[in-house]
Each structure stands twice: as structure tokens, then as C-alpha cells.
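Everything below belongs to coords_27.pdb, which stores PDB, C-alpha atoms, pLDDT in the B column.
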```pdb
MODEL        1
ATOM      1  CA  MET E   1       1.319  10.275  -6.311  1.00 39.00           C
ATOM      2  CA  ARG E   2       3.861  12.449  -4.532  1.00 38.00           C
ATOM      3  CA  TYR E   3       1.159  15.019  -3.753  1.00 38.00           C
ATOM      4  CA  PHE E   4      -0.901  12.563  -1.705  1.00 38.00           C
ATOM      5  CA  ASN E   5       2.132  11.426   0.264  1.00 38.00           C
ATOM      6  CA  THR E   6       2.785  15.002   1.405  1.00 40.00           C
ATOM      7  CA  VAL E   7      -0.795  15.909   2.361  1.00 38.00           C
ATOM      8  CA  PRO E   8      -1.327  14.820   5.981  1.00 41.00           C
ATOM      9  CA  HIS E   9      -5.157  14.928   6.016  1.00 40.00           C
ATOM     10  CA  PHE E  10      -5.481  12.093   3.461  1.00 38.00           C
ATOM     11  CA  ASN E  11      -5.522   8.807   5.298  1.00 39.00           C
ATOM     12  CA  LYS E  12      -4.043   5.635   3.790  1.00 37.00           C
ATOM     13  CA  ASP E  13      -7.420   4.162   2.803  1.00 39.00           C
ATOM     14  CA  ILE E  14      -8.319   7.251   0.767  1.00 37.00           C
ATOM     15  CA  ARG E  15      -4.894   7.280  -0.908  1.00 38.00           C
ATOM     16  CA  ALA E  16      -5.175   3.570  -1.719  1.00 38.00           C
ATOM     17  CA  SER E  17      -8.698   4.053  -3.092  1.00 39.00           C
ATOM     18  CA  PHE E  18      -7.549   6.969  -5.233  1.00 39.00           C
ATOM     19  CA  LEU E  19      -4.646   4.904  -6.569  1.00 38.00           C
ATOM     20  CA  LEU E  20      -6.975   2.022  -7.500  1.00 39.00           C
ATOM     21  CA  VAL E  21      -9.425   4.387  -9.217  1.00 39.00           C
ATOM     22  CA  TYR E  22      -6.541   6.021 -11.091  1.00 40.00           C
ATOM     23  CA  LEU E  23      -5.144   2.652 -12.207  1.00 40.00           C
ATOM     24  CA  PHE E  24      -8.575   1.433 -13.285  1.00 43.00           C
ATOM     25  CA  PHE E  25      -9.532   4.499 -15.313  1.00 44.00           C
ATOM     26  CA  SER E  26      -6.089   4.879 -16.842  1.00 42.00           C
ATOM     27  CA  GLY E  27      -6.405   1.347 -18.243  1.00 45.00           C
ATOM     28  CA  ILE E  28      -3.370   0.059 -16.326  1.00 43.00           C
ATOM     29  CA  CYS E  29      -5.435  -2.216 -14.106  1.00 43.00           C
ATOM     30  CA  LYS E  30      -8.809  -3.837 -14.679  1.00 42.00           C
ATOM     31  CA  LEU E  31      -9.707  -5.285 -11.283  1.00 42.00           C
ATOM     32  CA  CYS E  32     -13.262  -5.795 -10.183  1.00 36.00           C
ATOM     33  CA  VAL E  33     -12.751  -7.197  -6.702  1.00 41.00           C
ATOM     34  CA  LEU E  34     -10.172  -6.085  -4.170  1.00 41.00           C
ATOM     35  CA  GLN E  35     -10.527  -7.311  -0.632  1.00 41.00           C
ATOM     36  CA  ASN E  36      -8.449  -6.528   2.407  1.00 45.00           C
ATOM     37  CA  ILE E  37      -7.942 -10.073   3.647  1.00 55.00           C
ATOM     38  CA  SER E  38      -5.062 -11.891   5.237  1.00 79.00           C
ATOM     39  CA  ALA E  39      -3.065 -14.491   3.345  1.00 85.00           C
ATOM     40  CA  ASP E  40      -3.115 -18.248   3.920  1.00 91.00           C
ATOM     41  CA  LEU E  41       0.307 -19.410   5.090  1.00 94.00           C
ATOM     42  CA  ARG E  42       1.940 -22.413   3.408  1.00 95.00           C
ATOM     43  CA  SER E  43       5.371 -23.714   4.385  1.00 95.00           C
ATOM     44  CA  VAL E  44       7.694 -25.942   2.380  1.00 96.00           C
ATOM     45  CA  SER E  45      11.284 -27.135   2.583  1.00 96.00           C
ATOM     46  CA  PRO E  46      13.711 -25.958  -0.125  1.00 96.00           C
ATOM     47  CA  GLY E  47      13.668 -28.248  -3.151  1.00 97.00           C
ATOM     48  CA  GLU E  48      10.255 -29.772  -2.401  1.00 97.00           C
ATOM     49  CA  ASN E  49       7.214 -29.551  -4.660  1.00 97.00           C
ATOM     50  CA  ILE E  50       4.041 -27.823  -3.471  1.00 97.00           C
ATOM     51  CA  THR E  51       0.524 -27.464  -4.859  1.00 96.00           C
ATOM     52  CA  LEU E  52      -1.331 -24.195  -4.286  1.00 96.00           C
ATOM     53  CA  HIS E  53      -5.104 -24.417  -4.648  1.00 92.00           C
ATOM     54  CA  CYS E  54      -7.107 -21.621  -6.232  1.00 89.00           C
ATOM     55  CA  SER E  55     -10.104 -20.405  -4.239  1.00 85.00           C
ATOM     56  CA  VAL E  56     -11.755 -18.834  -7.294  1.00 86.00           C
ATOM     57  CA  SER E  57     -14.169 -20.641  -9.594  1.00 80.00           C
ATOM     58  CA  ALA E  58     -13.974 -19.488 -13.177  1.00 79.00           C
ATOM     59  CA  ASP E  59     -15.650 -20.608 -16.372  1.00 77.00           C
ATOM     60  CA  TYR E  60     -13.376 -18.776 -18.783  1.00 84.00           C
ATOM     61  CA  GLU E  61      -9.824 -18.056 -17.596  1.00 88.00           C
ATOM     62  CA  ILE E  62      -7.545 -18.650 -14.575  1.00 89.00           C
ATOM     63  CA  SER E  63      -4.207 -16.909 -13.963  1.00 93.00           C
ATOM     64  CA  TRP E  64      -1.604 -17.279 -11.204  1.00 95.00           C
ATOM     65  CA  PHE E  65       0.555 -14.332 -10.088  1.00 96.00           C
ATOM     66  CA  HIS E  66       3.557 -14.100  -7.736  1.00 96.00           C
ATOM     67  CA  GLN E  67       4.592 -11.081  -5.671  1.00 94.00           C
ATOM     68  CA  ASN E  68       8.083 -11.221  -4.172  1.00 87.00           C
ATOM     69  CA  SER E  69       9.529  -9.336  -1.201  1.00 80.00           C
ATOM     70  CA  GLU E  70      10.426  -6.378  -3.436  1.00 80.00           C
ATOM     71  CA  GLN E  71       6.664  -5.990  -4.179  1.00 79.00           C
ATOM     72  CA  GLN E  72       7.094  -6.914  -7.846  1.00 84.00           C
ATOM     73  CA  MET E  73       4.052  -8.708  -9.285  1.00 89.00           C
ATOM     74  CA  LYS E  74       4.612 -11.237 -12.068  1.00 94.00           C
ATOM     75  CA  LEU E  75       2.253 -13.386 -14.131  1.00 95.00           C
ATOM     76  CA  LEU E  76       3.351 -17.027 -13.805  1.00 97.00           C
ATOM     77  CA  VAL E  77       0.766 -19.083 -15.696  1.00 95.00           C
ATOM     78  CA  SER E  78      -2.556 -18.565 -17.393  1.00 93.00           C
ATOM     79  CA  ALA E  79      -5.094 -21.037 -18.765  1.00 90.00           C
ATOM     80  CA  ALA E  80      -8.347 -20.651 -20.665  1.00 88.00           C
ATOM     81  CA  ARG E  81     -11.272 -23.059 -20.878  1.00 82.00           C
ATOM     82  CA  GLY E  82     -11.809 -24.529 -24.322  1.00 74.00           C
ATOM     83  CA  GLN E  83     -15.142 -24.156 -26.124  1.00 72.00           C
ATOM     84  CA  ILE E  84     -15.272 -27.759 -27.327  1.00 68.00           C
ATOM     85  CA  ASN E  85     -13.737 -29.993 -24.641  1.00 68.00           C
ATOM     86  CA  LYS E  86     -14.443 -27.592 -21.725  1.00 73.00           C
ATOM     87  CA  SER E  87     -11.068 -28.249 -20.066  1.00 78.00           C
ATOM     88  CA  PHE E  88      -8.496 -25.571 -19.267  1.00 83.00           C
ATOM     89  CA  THR E  89      -5.626 -25.226 -21.723  1.00 82.00           C
ATOM     90  CA  ARG E  90      -2.452 -23.422 -20.724  1.00 86.00           C
ATOM     91  CA  ASN E  91      -1.896 -20.327 -22.841  1.00 90.00           C
ATOM     92  CA  TYR E  92       1.082 -18.895 -20.907  1.00 93.00           C
ATOM     93  CA  ASN E  93       3.778 -20.312 -18.604  1.00 94.00           C
ATOM     94  CA  VAL E  94       6.778 -18.224 -17.618  1.00 95.00           C
ATOM     95  CA  ASN E  95       8.819 -21.367 -16.767  1.00 95.00           C
ATOM     96  CA  GLU E  96       7.434 -24.727 -17.916  1.00 95.00           C
ATOM     97  CA  VAL E  97      10.083 -26.695 -16.004  1.00 96.00           C
ATOM     98  CA  HIS E  98       9.250 -24.978 -12.694  1.00 97.00           C
ATOM     99  CA  TYR E  99       5.442 -24.494 -12.859  1.00 96.00           C
ATOM    100  CA  GLU E 100       2.638 -26.900 -13.741  1.00 95.00           C
ATOM    101  CA  LEU E 101      -1.137 -26.643 -13.638  1.00 92.00           C
ATOM    102  CA  ASN E 102      -3.582 -29.180 -12.182  1.00 90.00           C
ATOM    103  CA  GLU E 103      -7.224 -28.818 -13.144  1.00 83.00           C
ATOM    104  CA  ASN E 104     -10.263 -29.805 -11.146  1.00 73.00           C
ATOM    105  CA  SER E 105     -13.900 -29.203 -12.100  1.00 64.00           C
ATOM    106  CA  SER E 106     -13.860 -25.394 -12.097  1.00 60.00           C
ATOM    107  CA  SER E 107     -10.417 -24.256 -11.002  1.00 69.00           C
ATOM    108  CA  VAL E 108      -6.714 -24.690 -11.681  1.00 85.00           C
ATOM    109  CA  SER E 109      -4.088 -25.354  -8.983  1.00 92.00           C
ATOM    110  CA  LEU E 110      -0.482 -24.232  -9.333  1.00 95.00           C
ATOM    111  CA  VAL E 111       2.267 -26.819  -8.784  1.00 96.00           C
ATOM    112  CA  ILE E 112       5.716 -25.411  -8.019  1.00 97.00           C
ATOM    113  CA  ILE E 113       8.454 -27.936  -8.749  1.00 97.00           C
ATOM    114  CA  GLY E 114      11.600 -27.650  -6.614  1.00 97.00           C
ATOM    115  CA  VAL E 115      10.739 -24.600  -4.509  1.00 97.00           C
ATOM    116  CA  ASN E 116      13.647 -22.184  -4.059  1.00 96.00           C
ATOM    117  CA  ASP E 117      14.112 -18.835  -2.310  1.00 93.00           C
ATOM    118  CA  THR E 118      12.903 -16.842  -5.334  1.00 94.00           C
ATOM    119  CA  ASP E 119       9.508 -18.558  -4.941  1.00 95.00           C
ATOM    120  CA  LEU E 120       8.895 -17.156  -1.467  1.00 95.00           C
ATOM    121  CA  GLY E 121       6.250 -14.450  -1.217  1.00 95.00           C
ATOM    122  CA  LEU E 122       2.585 -14.046  -2.094  1.00 96.00           C
ATOM    123  CA  PHE E 123       0.693 -16.007  -4.734  1.00 96.00           C
ATOM    124  CA  TYR E 124      -2.599 -14.797  -6.171  1.00 95.00           C
ATOM    125  CA  CYS E 125      -5.061 -16.766  -8.245  1.00 93.00           C
ATOM    126  CA  GLY E 126      -7.332 -14.708 -10.456  1.00 91.00           C
ATOM    127  CA  GLY E 127     -10.239 -15.952 -12.488  1.00 89.00           C
ATOM    128  CA  ARG E 128     -12.863 -14.564 -14.755  1.00 87.00           C
ATOM    129  CA  ASN E 129     -16.014 -15.820 -16.320  1.00 84.00           C
ATOM    130  CA  THR E 130     -17.378 -14.503 -19.592  1.00 77.00           C
ATOM    131  CA  SER E 131     -17.103 -10.919 -18.360  1.00 71.00           C
ATOM    132  CA  SER E 132     -13.801  -9.100 -18.709  1.00 69.00           C
ATOM    133  CA  LEU E 133     -13.374  -8.556 -14.969  1.00 82.00           C
ATOM    134  CA  LEU E 134     -10.773 -10.508 -13.010  1.00 85.00           C
ATOM    135  CA  GLN E 135     -11.608 -11.669  -9.467  1.00 88.00           C
ATOM    136  CA  PHE E 136      -8.876 -12.680  -7.048  1.00 89.00           C
ATOM    137  CA  GLY E 137      -9.102 -15.323  -4.355  1.00 87.00           C
ATOM    138  CA  LYS E 138      -7.398 -15.270  -0.996  1.00 91.00           C
ATOM    139  CA  PRO E 139      -3.621 -14.813  -1.373  1.00 95.00           C
ATOM    140  CA  ILE E 140      -1.238 -17.560  -0.300  1.00 95.00           C
ATOM    141  CA  ARG E 141       2.034 -16.686   1.451  1.00 96.00           C
ATOM    142  CA  LEU E 142       4.770 -19.234   0.766  1.00 96.00           C
ATOM    143  CA  THR E 143       7.616 -19.525   3.280  1.00 95.00           C
ATOM    144  CA  PHE E 144      10.272 -22.071   4.119  1.00 95.00           C
ATOM    145  CA  THR E 145       9.468 -24.483   6.958  1.00 90.00           C
ATOM    146  CA  GLY E 146      10.767 -23.208  10.285  1.00 79.00           C
ATOM    147  CA  LYS E 147      11.442 -19.707   8.963  1.00 62.00           C
ATOM    148  CA  CYS E 148       9.627 -16.858  10.686  1.00 53.00           C
ATOM    149  CA  SER E 149       8.393 -14.049   8.526  1.00 47.00           C
ATOM    150  CA  GLU E 150       6.911 -10.719   9.432  1.00 46.00           C
ATOM    151  CA  VAL E 151       4.092  -9.560   7.217  1.00 46.00           C
ATOM    152  CA  ILE E 152       3.714  -5.820   6.748  1.00 45.00           C
ATOM    153  CA  ILE E 153       1.157  -4.558   4.266  1.00 47.00           C
ATOM    154  CA  THR E 154       1.103  -0.833   3.594  1.00 44.00           C
ATOM    155  CA  PHE E 155      -0.699   1.399   1.143  1.00 46.00           C
ATOM    156  CA  LEU E 156       1.582   3.964  -0.472  1.00 45.00           C
TER
ENDMDL
END
```
Translate the structure described by the file into C-alpha cells.
Amino acid sequence: MRYFNTVPHFNKDIRASFLLVYLFFSGICKLCVLQNISADLRSVSPGENITLHCSVSADYEISWFHQNSEQQMKLLVSAARGQINKSFTRNYNVNEVHYELNENSSSVSLVIIGVNDTDLGLFYCGGRNTSSLLQFGKPIRLTFTGKCSEVIITFL
């Protein structure tokens, strides 16, 4: 990666595309859809509960991820649709006291119980159908009510 940061004729889009291709073919990342879209902004007061709705419909699996201000991405919860009863069943939850799932007909919303400062940042909902490719919906930026935040997105 250092090489591309020192070569001035590579623009940021080419470097970002190369990084995604590298991650995909190296097996580190298996994304099928990546869109350059802005995040929905949601505000909450500290200690309140909030429900984040997933914009992806999935027949097989739904996962929620959080990215904090240090750009660290973490899987929060994941649920898979059962073969018999056709409802989503949680198969992973990093903190069962802090995160819950609400299911509607084809998606799963994330409920954050007692929002605190470590919850601020971007939330991504990813879903997949019977294929192995994960599709992400529009990200949601969570901030505290009345707090201004500057959003800077850079590639490499």
C-alpha cells in the first residue's frame, strides 16, 4: 500500500479501487456492492434507546456493523433466517445487554439500549440472500443530540 501513497499520478479513486480488488481476491473481504453514498444522520441523547432500521432486504442473513471514529469496524449482531419457521434467529451478539434485534417481514432492525459515547459513529446493515455475497444498505451516522460533527471520508 505504501507504494500507491507515494505515486502522485494515482488518484484516490484508483487507489481505493485497487485496495478493494486486493481485499476481494486475497479473501479478506467478500463484498459485492460498494456505493459512495452519504450516511443518514440519527441523533440521540446519552442513555436513551434508539432503533436503527436496515434498508436491505435479505432472505438468508442480516448483520449489523459499527465503525467508530478510529475507523475500526466491528460486527455487532448477526441473524439468519430459519428453514422451518422462516423467522430470523440471532446467531451472534457481541453484547446481549446492549444490543437487540427487531424483525419485520424481510429485515432486522438494531436496537441500542442506553446509548453511550462508544456507540457514536457509523452503523452498516448488510444482508445476503442465498448467494454468498453481502450487500450493504445506506450507512447510519449516530451522534448525540445537539452535538455537531464533521464528516470526512477519505480513501487511503
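You will find atom CA of E:Lys138 at 16.4 Å from atom CA of E:Leu120.
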Exercise. Which polymer residues, protein or nucleic acid, are no farther than 6 Å from (6.0, -15.3, -5.7), counting only C-alpha atoms, as a ChimeraX atom specification?
Worked result: /E:66-68,119-123
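If all atoms listed in the file are the atoms counted, then among E:Ser131, E:Leu52, E:Phe144, E:Ser57 the closest residue to E:Tyr99 is E:Leu52.
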Box time for stretch 62-75 of chain E: axis-aligned, enclosing all its listed atoms, 6 Å extra on each side; report centre and edge lengths in Å to one decimal, as AutoDock Vina command-line options.
```
--center_x 1.4 --center_y -12.3 --center_z -7.9 --size_x 30.0 --size_y 24.7 --size_z 25.4
```
Problem set entry | Result set of the PyMOL selection byres ((chain E and resi 136) around 7) on the coordinates above, as JSON, numbers by chain | {"E": [33, 56, 124, 125, 126, 127, 134, 135, 137, 138]}
For this session: Give as a ChimeraX atom specification the residues that the PyMOL selection byres ((chain E and resi 88) around 10) matches when applied to the coordinates above.
Result: /E:59-62,78-83,85-87,89-91,101-108
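From atom CA of E:Ser55 back to atom CA of E:Glu70, the distance works out to 24.9 Å.
Put simply, atom CA of E:Leu110 is 5.6 Å away from atom CA of E:Thr51.
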For this session: Quick one: apply the PyMOL selection byres ((chain E and resi 100) around 9) to the file and drop the selected residues here as a ChimeraX atom specification.
Result: /E:77,93,95-99,101-102,109-113
Quick one: residues within 8 Å of (1.4, -18.8, 1.5) (file frame), counting all atoms listed in the file, please, as a compact mmCIF listing (two decimals) with C-alpha atoms, in the coordinates of the input.
```
# COMPACT_ATOMS: atom_id res chain seq x y z
CA ALA E 39 -3.06 -14.49 3.34
CA ASP E 40 -3.12 -18.25 3.92
CA LEU E 41 0.31 -19.41 5.09
CA ARG E 42 1.94 -22.41 3.41
CA SER E 43 5.37 -23.71 4.38
CA GLY E 121 6.25 -14.45 -1.22
CA LEU E 122 2.58 -14.05 -2.09
CA PHE E 123 0.69 -16.01 -4.73
CA PRO E 139 -3.62 -14.81 -1.37
CA ILE E 140 -1.24 -17.56 -0.30
CA ARG E 141 2.03 -16.69 1.45
CA LEU E 142 4.77 -19.23 0.77
CA THR E 143 7.62 -19.52 3.28
```
Exercise. Which residue, E:Val94, E:Leu76, E:Gln71, E:Thr145, has the smallest gap to E:Asp117 when you use all atoms listed in the file?
Worked result: E:Thr145
